[in-house]
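Visitor: Input: one structure, supplied below.
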Amino acid sequence: MGRLGYYALTWIRQAPRRPIPTDLRAELLFRSEHTCCICRNPYKDVQLHHIDGNPVNNILENVAVVCLDCHSRVTGTRGLGQSYSRHEVRKYKRSWEYVVLQKRGMRTRSQPPSRETLGYLDFVVCEILATKSTGRAEELLDVIGNFASGVAVRRLRSA
Ligand SMILES: [Zn+2]
């Protein structure tokens with residue numbers, strides 16, 4: 001190894017581990033639901049892992065949330081077995097963060113409607129029953145369609 005290479009290596013080894021900024025740390029843990037992206041076990045303690053091995057590269061894409069067991073599988077040697085590569089860890093991170101995002105989306109959608117919404121829908125339904133115009137009834141059904149899922153509206157229409 002050349003002199004420069006030696007110095008570079010020494011610098012990397014001695015580079016002060018700049019702590020991950022608090023807001024980035026919070027964002028990472030939030031995106032991964034404070035759960036290891038590899039084994040996805042929600043009851044395990046987690047650590048933050050620099051995917052490229054550079055402890056000062058504190059960007060969102062480079063830090064993965066992993067549990068202690070998976071962390072040692074990522075950084076340690078596995079003898080003849082394959083350890084987790086950087087590319088693999090990146091895939092695990094992306095895929096788990098996507099799953100969490102999807103889960104949150106579903107949770108918001110399945111939340112019960114507010115009192116105001118129910119009251120308004122009640123009013124719209126009364127209008128539909130009262131009106132003698134099929135056109136008006138169709139219009140009002142479309143209003144309900146904005147709140148309810150497509151399935152519910154189709155049921156109403158066929159009733
Ligand atoms: Zn794990």
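Lettering and numbering for the structure tokens are positional, with chains as A, B, ... in the shown order, residues counted from 1 in each chain, and ligands counted from 1 in the shown order.
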Any residue with an atom at most 10 Å from ligand 1 counts, using only C-alpha atoms and all ligand atoms. Which are they? Put them as a list of chain:residue names.

Guide: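 Written in the requested form, the residues are A:Thr35, A:Cys36, A:Cys37, A:Ile38, A:Cys39, A:Arg40, A:Asn41, A:Pro42, A:Tyr43, A:Lys44, A:Asp45, A:Val46, A:Gln47, A:Val65, A:Val66, A:Cys67, A:Leu68, A:Asp69, A:Cys70, A:His71, A:Ser72, A:Arg73, A:Val74.
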
Visitor: List every residue of stretch 21-115 of chain A that DSSP, applied to the backbone of this structure, assigns to alpha helix (DSSP H), and report them as a PyMOL selection string.

Guide: chain A and resi 22-31+68-75+86-109+115

Visitor: For A:Tyr120, find every residue with an atom within 12 Å (counting only C-alpha atoms), except residues of its own chain fewer than 5 positions away, and show them as a list in words.

Guide: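 Listed by chain and then number, they are Pro113, Ser114, Arg115, Val125, Cys126, Glu127, Leu140, Val143, Ile144 and Phe147 of chain A.
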
Visitor: Could you take the residues named above and write them with C-alpha atoms, as a PDB file, in the first residue's frame?

Guide:
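Written file, again-v3.pdb:
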ATOM      1  CA  PRO A 113     -65.390   9.046   9.910  1.00  0.00           C
ATOM      2  CA  SER A 114     -65.876  12.061  12.178  1.00  0.00           C
ATOM      3  CA  ARG A 115     -69.236  13.023  13.731  1.00  0.00           C
ATOM      4  CA  VAL A 125     -79.073  10.271   2.447  1.00  0.00           C
ATOM      5  CA  CYS A 126     -82.311  12.003   3.596  1.00  0.00           C
ATOM      6  CA  GLU A 127     -82.105  14.240   0.524  1.00  0.00           C
ATOM      7  CA  LEU A 140     -76.021  13.180  -4.196  1.00  0.00           C
ATOM      8  CA  VAL A 143     -71.232  13.284  -2.956  1.00  0.00           C
ATOM      9  CA  ILE A 144     -71.304  10.165  -0.801  1.00  0.00           C
ATOM     10  CA  PHE A 147     -66.386   9.866   1.378  1.00  0.00           C
TER      11      PHE A 147
END

Visitor: Extract, using only C-alpha atoms, all DNA, RNA and protein residues at most 9 Å from A:Leu28, discarding same-chain residues fewer than 3 positions from it, and format them as a PyMOL selection string.

Guide: chain A and resi 23-25+31-34+48+60+63-65

Visitor: Identify which of the residues A:Gln102, A:Asn62, A:Thr117, A:Thr134 lies closest to A:His50, counting only C-alpha atoms when measuring atom-to-atom distances.

Guide: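 Nearest to A:His50: A:Asn62.
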
Visitor: Determine the nearest neighbour of A:Gly53 from the options A:Ser95, A:Ser133, A:Thr75, A:Thr22, counting only C-alpha atoms.

Guide: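 Between A:Ser95, A:Ser133, A:Thr75, A:Thr22, the residue approaching A:Gly53 most closely is A:Thr75.
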
Visitor: Assign secondary structure with DSSP using the backbone only, and return the residues of stretch 50-141 of chain A in strand (DSSP E or B) as a list in words.

Guide: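 Restricting stretch 50-141 of chain A to strand (DSSP E or B) produces His50, Val63, Ala64, Val65, Val66 and Cys67 of chain A.
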
Visitor: So the first atom is atom CA of A:Pro55 and the second is atom CA of A:Pro21; what is the distance between them in Å, to one decimal place?

Guide: 12.5 Å

Visitor: State, in Å with one decimal place, the distance from atom CA of A:Leu121 to atom CA of A:Glu138.

Guide: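 A separation of 14.4 Å between them.
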
Visitor: Using only C-alpha atoms, which of the listed residues (A:Phe30, A:Trp96, A:Ser83, A:Arg90) sits closest to A:His49?

Guide: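 So, comparing all the options, the nearest one is A:Arg90.
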